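A.B. asks: Next comes the structure file structure-v6.tsv, holding TSV, C-alpha atoms.
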```tsv
chain	number	residue	atom	x	y	z
L	208	MET	CA	8.96	16.55	13.45
L	209	GLY	CA	5.55	16.87	15.07
L	210	SER	CA	3.88	15.04	12.23
L	211	ILE	CA	5.97	11.89	12.58
L	212	LEU	CA	4.97	11.65	16.24
L	213	GLN	CA	1.36	12.08	15.13
L	214	LEU	CA	1.81	9.23	12.67
L	215	PHE	CA	3.34	6.96	15.31
L	216	VAL	CA	0.48	7.66	17.72
L	217	ILE	CA	-2.02	6.82	14.97
L	218	ILE	CA	-0.16	3.57	14.26
L	219	MET	CA	-0.18	2.58	17.94
L	220	VAL	CA	-3.89	3.31	18.31
L	221	ALA	CA	-4.65	1.36	15.14
L	222	ALA	CA	-2.53	-1.56	16.39
L	223	MET	CA	-4.57	-1.69	19.59
L	224	LEU	CA	-7.79	-1.60	17.59
L	225	VAL	CA	-6.50	-4.45	15.41
L	226	ILE	CA	-5.64	-6.50	18.50
L	227	ILE	CA	-9.13	-5.92	19.91
L	228	VAL	CA	-10.98	-6.69	16.68
L	229	ARG	CA	-8.83	-9.72	15.77
L	230	GLU	CA	-10.34	-11.83	18.55
L	231	GLN	CA	-13.84	-11.07	17.33
L	232	ASN	CA	-13.54	-11.05	13.58
L	233	GLU	CA	-10.48	-12.14	11.63
L	234	SER	CA	-11.41	-10.75	8.19
L	235	ILE	CA	-12.36	-7.27	9.40
L	236	SER	CA	-9.09	-7.08	11.33
L	237	PHE	CA	-7.26	-7.80	8.06
L	238	LEU	CA	-9.14	-4.93	6.42
L	239	LEU	CA	-8.17	-2.74	9.38
L	240	VAL	CA	-4.50	-3.56	8.84
L	241	LEU	CA	-4.94	-2.75	5.15
L	242	LEU	CA	-6.53	0.59	6.01
L	243	LEU	CA	-3.68	1.43	8.39
L	244	GLY	CA	-1.17	0.64	5.65
L	245	ILE	CA	-3.07	2.86	3.22
L	246	PHE	CA	-3.02	5.79	5.66
L	247	VAL	CA	0.69	5.45	6.42
L	248	PHE	CA	1.50	5.16	2.72
L	249	LEU	CA	-0.62	8.20	1.82
L	250	PHE	CA	1.06	10.18	4.60
L	251	VAL	CA	4.56	9.28	3.40
L	252	LEU	CA	3.65	9.80	-0.25
L	253	ASN	CA	3.14	13.55	0.21
L	254	GLN	CA	6.70	13.95	1.45
L	255	VAL	CA	8.06	11.67	-1.29
L	256	GLU	CA	6.28	13.76	-3.92
L	257	GLN	CA	8.02	16.92	-2.68
L	258	LEU	CA	11.34	15.05	-2.76
L	259	PHE	CA	10.86	13.91	-6.34
L	260	ASN	CA	9.77	17.37	-7.43
L	261	LEU	CA	13.00	18.68	-5.89
L	262	PHE	CA	15.04	16.07	-7.78
L	263	GLN	CA	13.40	16.89	-11.07
L	264	SER	CA	13.79	20.63	-10.59
L	265	ILE	CA	17.49	20.15	-9.76
L	266	VAL	CA	17.98	18.03	-12.86
L	267	SER	CA	16.20	20.51	-15.11
L	268	LYS	CA	17.70	23.65	-13.54
L	269	PHE	CA	21.36	22.71	-13.40
L	270	ASP	CA	21.20	20.71	-16.61
L	271	VAL	CA	22.71	17.66	-14.95
L	272	SER	CA	22.74	14.75	-17.35
L	273	LEU	CA	21.07	12.32	-14.98
L	274	LEU	CA	19.79	10.30	-17.84
L	275	HIS	CA	17.41	7.77	-16.40
L	276	LEU	CA	15.82	9.65	-13.50
L	277	ASP	CA	12.31	8.73	-14.62
L	278	THR	CA	13.25	5.07	-14.74
L	279	MET	CA	14.76	5.28	-11.26
L	280	ILE	CA	11.60	6.87	-9.87
L	281	LYS	CA	9.48	4.19	-11.52
L	282	VAL	CA	11.64	1.41	-10.10
L	283	ILE	CA	11.39	2.90	-6.61
L	284	GLY	CA	7.61	3.10	-7.01
L	285	VAL	CA	7.29	-0.52	-8.12
L	286	ALA	CA	9.52	-1.60	-5.23
L	287	TYR	CA	7.44	0.26	-2.63
L	288	LEU	CA	4.18	-1.08	-4.04
L	289	THR	CA	5.43	-4.66	-4.18
L	290	GLU	CA	6.74	-4.48	-0.63
L	291	PHE	CA	3.43	-3.06	0.60
L	292	ILE	CA	1.34	-5.79	-1.00
L	293	SER	CA	3.68	-8.61	-0.03
L	294	GLN	CA	3.91	-7.57	3.62
L	295	LEU	CA	0.13	-7.30	3.70
L	296	LEU	CA	-0.21	-10.82	2.35
L	297	LYS	CA	2.35	-12.10	4.84
L	298	ASP	CA	0.28	-10.57	7.64
L	299	ALA	CA	-2.69	-12.53	6.36
L	300	GLN	CA	-0.64	-15.77	6.50
L	301	LEU	CA	-0.55	-16.03	2.72
L	302	ASN	CA	3.20	-16.49	2.40
L	303	SER	CA	3.14	-18.27	-0.95
L	304	VAL	CA	1.04	-15.55	-2.57
L	305	ALA	CA	3.42	-12.95	-1.11
L	306	VAL	CA	6.36	-14.71	-2.75
L	307	LYS	CA	4.51	-14.68	-6.07
L	308	VAL	CA	3.87	-10.94	-5.73
L	309	GLU	CA	7.56	-10.40	-5.05
L	310	ILE	CA	8.49	-12.40	-8.16
L	311	VAL	CA	6.13	-10.28	-10.27
L	312	GLY	CA	7.63	-7.10	-8.80
L	313	LYS	CA	11.15	-8.24	-9.56
L	314	LEU	CA	10.20	-9.05	-13.14
L	315	PHE	CA	8.60	-5.63	-13.60
L	316	ILE	CA	11.68	-3.92	-12.17
L	317	LEU	CA	13.86	-5.92	-14.57
L	318	LEU	CA	11.59	-4.87	-17.43
L	319	LEU	CA	11.82	-1.21	-16.41
L	320	ALA	CA	15.58	-1.30	-15.96
L	321	LEU	CA	16.25	-2.98	-19.29
L	322	PRO	CA	17.04	0.30	-21.18
L	323	ILE	CA	19.69	1.18	-18.55
L	324	PHE	CA	21.19	-2.28	-18.87
L	325	ILE	CA	21.29	-1.96	-22.66
L	326	SER	CA	22.99	1.43	-22.47
L	327	VAL	CA	25.58	0.02	-20.04
L	328	LEU	CA	26.20	-2.83	-22.48
L	329	GLU	CA	26.58	-0.40	-25.38
L	330	THR	CA	29.11	1.64	-23.40
L	331	LEU	CA	31.09	-1.49	-22.63
L	332	MET	CA	30.98	-2.59	-26.24
L	333	SER	CA	32.29	0.76	-27.40
L	334	PHE	CA	35.44	0.21	-25.33
L	335	ILE	CA	36.21	-3.00	-27.14
L	336	PRO	CA	38.29	-2.35	-30.27
L	337	GLN	CA	36.90	-3.82	-33.43
S	833	MET	CA	-5.05	13.26	8.49
S	834	GLN	CA	-8.76	14.04	8.81
S	835	ASP	CA	-9.65	10.55	7.60
S	836	ILE	CA	-8.22	8.76	10.63
S	837	TYR	CA	-11.60	8.40	12.25
S	838	ILE	CA	-12.39	5.83	9.53
S	839	LEU	CA	-10.10	3.49	11.51
S	840	PHE	CA	-12.36	3.81	14.56
S	841	GLN	CA	-15.41	3.38	12.36
S	842	VAL	CA	-14.06	0.14	10.88
S	843	ALA	CA	-13.07	-1.19	14.32
S	844	GLY	CA	-16.55	-0.31	15.62
S	845	VAL	CA	-18.21	-2.11	12.72
S	846	GLY	CA	-16.05	-5.15	13.46
S	847	ILE	CA	-17.00	-5.26	17.15
S	848	ILE	CA	-20.71	-4.62	16.49
S	849	VAL	CA	-20.80	-7.33	13.83
S	850	ALA	CA	-19.17	-9.73	16.28
S	851	ILE	CA	-21.80	-8.87	18.91
S	852	ILE	CA	-24.64	-9.37	16.39
S	853	HIS	CA	-23.09	-12.68	15.39
S	854	THR	CA	-22.91	-13.86	18.99
S	855	VAL	CA	-26.49	-12.78	19.79
S	856	LEU	CA	-27.93	-14.44	16.69
S	857	LYS	CA	-25.97	-17.59	17.44
S	858	GLN	CA	-27.37	-17.69	20.98
S	859	MET	CA	-30.85	-17.34	19.51
S	860	GLY	CA	-30.16	-20.38	17.39
S	861	LYS	CA	-30.18	-18.63	14.01
S	862	GLU	CA	-26.80	-19.67	12.69
S	863	ASP	CA	-27.48	-18.93	9.02
S	864	ILE	CA	-28.65	-15.37	9.69
S	865	ALA	CA	-25.57	-14.86	11.87
S	866	HIS	CA	-23.30	-15.81	9.00
S	867	TRP	CA	-25.17	-13.47	6.66
S	868	ALA	CA	-24.76	-10.62	9.19
S	869	THR	CA	-21.02	-11.24	9.32
S	870	LEU	CA	-20.82	-11.25	5.54
S	871	ILE	CA	-22.76	-7.98	5.23
S	872	GLY	CA	-20.55	-6.29	7.84
S	873	PHE	CA	-17.49	-7.43	5.94
S	874	ILE	CA	-18.90	-6.04	2.68
S	875	ILE	CA	-19.64	-2.66	4.29
S	876	VAL	CA	-16.06	-2.39	5.55
S	877	LEU	CA	-14.75	-3.63	2.20
S	878	VAL	CA	-16.54	-0.79	0.36
S	879	ILE	CA	-14.90	1.79	2.64
S	880	VAL	CA	-11.45	0.24	2.28
S	881	ILE	CA	-11.67	-0.17	-1.50
S	882	ASP	CA	-12.42	3.54	-1.84
S	883	TYR	CA	-9.26	4.43	0.08
S	884	LEU	CA	-7.24	1.80	-1.80
S	885	SER	CA	-8.18	3.30	-5.16
S	886	ARG	CA	-7.23	6.73	-3.83
S	887	LEU	CA	-3.85	5.36	-2.74
S	888	PHE	CA	-3.19	3.71	-6.10
S	889	ASN	CA	-4.09	6.85	-8.02
S	890	GLN	CA	-1.70	8.88	-5.89
S	891	ILE	CA	1.06	6.31	-6.36
S	892	LYS	CA	0.49	6.47	-10.10
S	893	SER	CA	0.83	10.24	-10.08
S	894	VAL	CA	3.85	10.46	-7.75
S	895	PHE	CA	5.92	7.70	-9.27
S	896	ILE	CA	5.43	8.20	-12.97
S	897	LEU	CA	3.75	4.85	-13.50
S	898	GLN	CA	1.00	5.66	-15.98
S	899	MET	CA	1.99	3.11	-18.60
S	900	ILE	CA	2.54	-0.05	-16.59
S	901	LEU	CA	-0.25	0.08	-14.02
```
Would you mind writing the file out in structure tokens?
C.D. replies:
Amino acid sequence: MGSILQLFVIIMVAAMLVIIVREQNESISFLLVLLLGIFVFLFVLNQVEQLFNLFQSIVSKFDVSLLHLDTMIKVIGVAYLTEFISQLLKDAQLNSVAVKVEIVGKLFILLLALPIFISVLETLMSFIPQ
Amino acid sequence: MQDIYILFQVAGVGIIVAIIHTVLKQMGKEDIAHWATLIGFIIVLVIVIDYLSRLFNQIKSVFILQMIL
């Protein structure tokens, strides 16, 4: 748990730097916020990678028929990415662009989840007698 | 975690650019002051874009997103 404290300290220091720089230069403070987001995301991504490797090894080792694990991982990735970009745009007072990014993310998630939806529909249809 | 000092570097560039802007404005050279601000922004942008591409590549490899991004 030492590393999470380290991360929080880095976030606090970066927040103070952003507050200092924001009075002087608005655009560079936005880039500073972006850089802080990149660092936090990269830090979390290492742990998430281990988690996903664990999931995939469990699925392959115990032969669990978790059919659409790849699709689930992709959907989680698109959701994280969309949230990251949209929060960043909201910080820069670009609320309308953030809403557009969220719409694009939702459409991509729908596109990715379409095979699962089709398989659910096929299962339902097989219950209906001809 | 070794890259954290980039945050201090970017904040320092921001403050120094603001100081240069103020000094040039006091000297009455408004146009050069705006160019200095723009160049400082571009320097920081180059640093940040490098890290952003690194982040996107790692996201592509962790979440298996090769085909849609």
A.B. asks: Residues of chain L within 6 Å of chain S, counting only C-alpha atoms, what are they? List them as a PyMOL selection string.
C.D. replies: chain L and resi 231+235+256+280-281+284
A.B. asks: As an exercise, work out the distance from atom CA of S:Val878 to atom CA of L:Leu214 in Å and give it to one decimal place.
C.D. replies: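 Those two atoms sit 24.3 Å apart.
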A.B. asks: Using only C-alpha atoms, which of the listed residues (L:Met223, L:Leu318, L:Ala299, L:Ile283) sits closest to L:Leu238?
C.D. replies: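 Of the candidates, the smallest distance to L:Leu238 is held by L:Ala299.
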A.B. asks: One decimal, Å: what's the distance from atom CA of L:Gln257 over to atom CA of S:Tyr837, could you say?
C.D. replies: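 Between atom CA of L:Gln257 and atom CA of S:Tyr837 the gap is 26.1 Å.
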A.B. asks: Select, counting only C-alpha atoms, all protein, DNA and RNA residues no farther than 12 Å from (-0.3, -7.9, 3.7) in file coordinates, and express the selection as a PyMOL selection string.
C.D. replies: chain L and resi 236-245+288-306+308
A.B. asks: Of the candidates S:Asn889, S:Ala868, S:Glu862, S:Val855, which shows the shortest atom-to-atom distance to L:Leu249, using all atoms listed in the file?
C.D. replies: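 Closest candidate: S:Asn889.
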A.B. asks: Interatomic distance between atom CA of L:Ser210 and atom CA of L:Gln263?
C.D. replies: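 We find that atom CA of L:Ser210 and atom CA of L:Gln263 lie 25.2 Å from each other.
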A.B. asks: Take every atom of stretch 317-323 of chain L listed in the file, pad by 6 Å on each side, and give me the axis-aligned box centre and edge lengths in Å, one decimal, as AutoDock Vina command-line options.
C.D. replies:
```
--center_x 15.6 --center_y -2.4 --center_z -17.9 --size_x 20.1 --size_y 19.1 --size_z 18.6
```
A.B. asks: Calculated over only C-alpha atoms, which of the candidates L:Met279, L:Ile211, L:Ala221, L:Arg229 has the smallest distance to L:Phe250?
C.D. replies: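 That would be L:Ile211, the residue with the smallest distance to L:Phe250.
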A.B. asks: Kindly complete stretch 861-872 of chain S to all heavy atoms; the output should be written as a tab-separated table (two decimals), in the coordinates of the input.
C.D. replies:
```tsv
chain	number	residue	atom	x	y	z
S	861	LYS	N	-30.04	-18.92	15.44
S	861	LYS	CA	-30.18	-18.63	14.01
S	861	LYS	C	-28.79	-18.50	13.39
S	861	LYS	O	-28.29	-17.42	13.12
S	861	LYS	CB	-30.98	-17.35	13.81
S	861	LYS	CG	-32.41	-17.53	14.26
S	861	LYS	CD	-33.16	-16.22	14.26
S	861	LYS	CE	-34.59	-16.48	14.69
S	861	LYS	NZ	-35.30	-15.23	15.00
S	862	GLU	N	-28.17	-19.66	13.16
S	862	GLU	CA	-26.80	-19.67	12.69
S	862	GLU	C	-26.66	-19.07	11.30
S	862	GLU	O	-25.71	-18.33	11.03
S	862	GLU	CB	-26.29	-21.11	12.66
S	862	GLU	CG	-26.25	-21.79	14.00
S	862	GLU	CD	-24.85	-21.78	14.59
S	862	GLU	OE1	-23.91	-21.59	13.81
S	862	GLU	OE2	-24.72	-21.95	15.80
S	863	ASP	N	-27.61	-19.38	10.41
S	863	ASP	CA	-27.48	-18.93	9.02
S	863	ASP	C	-27.58	-17.41	8.93
S	863	ASP	O	-26.80	-16.76	8.22
S	863	ASP	CB	-28.54	-19.62	8.14
S	863	ASP	CG	-29.91	-19.59	8.78
S	863	ASP	OD1	-29.99	-19.28	9.98
S	863	ASP	OD2	-30.90	-19.86	8.08
S	864	ILE	N	-28.53	-16.83	9.70
S	864	ILE	CA	-28.65	-15.37	9.69
S	864	ILE	C	-27.41	-14.72	10.28
S	864	ILE	O	-26.97	-13.67	9.83
S	864	ILE	CB	-29.93	-14.94	10.45
S	864	ILE	CG1	-31.14	-15.61	9.81
S	864	ILE	CG2	-30.12	-13.44	10.41
S	864	ILE	CD1	-32.43	-15.26	10.52
S	865	ALA	N	-26.80	-15.40	11.27
S	865	ALA	CA	-25.57	-14.86	11.87
S	865	ALA	C	-24.45	-14.79	10.85
S	865	ALA	O	-23.73	-13.79	10.76
S	865	ALA	CB	-25.16	-15.73	13.05
S	866	HIS	N	-24.35	-15.84	10.03
S	866	HIS	CA	-23.30	-15.81	9.00
S	866	HIS	C	-23.57	-14.73	7.97
S	866	HIS	O	-22.64	-14.05	7.51
S	866	HIS	CB	-23.19	-17.19	8.34
S	866	HIS	CG	-22.42	-18.15	9.17
S	866	HIS	ND1	-23.00	-19.25	9.75
S	866	HIS	CD2	-21.13	-18.16	9.56
S	866	HIS	CE1	-22.08	-19.91	10.46
S	866	HIS	NE2	-20.95	-19.26	10.36
S	867	TRP	N	-24.86	-14.54	7.61
S	867	TRP	CA	-25.17	-13.47	6.66
S	867	TRP	C	-24.84	-12.10	7.24
S	867	TRP	O	-24.33	-11.22	6.52
S	867	TRP	CB	-26.64	-13.52	6.25
S	867	TRP	CG	-26.92	-14.55	5.20
S	867	TRP	CD1	-27.60	-15.71	5.37
S	867	TRP	CD2	-26.51	-14.51	3.84
S	867	TRP	NE1	-27.63	-16.41	4.19
S	867	TRP	CE2	-26.98	-15.70	3.24
S	867	TRP	CE3	-25.79	-13.61	3.08
S	867	TRP	CZ2	-26.74	-15.99	1.91
S	867	TRP	CZ3	-25.55	-13.89	1.75
S	867	TRP	CH2	-26.02	-15.07	1.18
S	868	ALA	N	-25.08	-11.92	8.56
S	868	ALA	CA	-24.76	-10.62	9.19
S	868	ALA	C	-23.26	-10.36	9.13
S	868	ALA	O	-22.83	-9.23	8.83
S	868	ALA	CB	-25.26	-10.62	10.63
S	869	THR	N	-22.48	-11.41	9.40
S	869	THR	CA	-21.02	-11.24	9.32
S	869	THR	C	-20.58	-10.85	7.92
S	869	THR	O	-19.75	-9.96	7.73
S	869	THR	CB	-20.33	-12.54	9.74
S	869	THR	OG1	-20.87	-12.96	11.00
S	869	THR	CG2	-18.85	-12.34	9.88
S	870	LEU	N	-21.19	-11.53	6.93
S	870	LEU	CA	-20.82	-11.25	5.54
S	870	LEU	C	-21.17	-9.81	5.16
S	870	LEU	O	-20.38	-9.11	4.50
S	870	LEU	CB	-21.54	-12.23	4.62
S	870	LEU	CG	-21.19	-12.12	3.13
S	870	LEU	CD1	-19.72	-12.40	2.93
S	870	LEU	CD2	-22.03	-13.05	2.32
S	871	ILE	N	-22.34	-9.34	5.59
S	871	ILE	CA	-22.76	-7.98	5.23
S	871	ILE	C	-21.86	-6.94	5.91
S	871	ILE	O	-21.48	-5.94	5.29
S	871	ILE	CB	-24.24	-7.79	5.58
S	871	ILE	CG1	-25.09	-8.58	4.60
S	871	ILE	CG2	-24.64	-6.33	5.52
S	871	ILE	CD1	-26.54	-8.65	4.97
S	872	GLY	N	-21.49	-7.20	7.17
S	872	GLY	CA	-20.55	-6.29	7.84
S	872	GLY	C	-19.22	-6.22	7.12
S	872	GLY	O	-18.66	-5.14	6.92
```
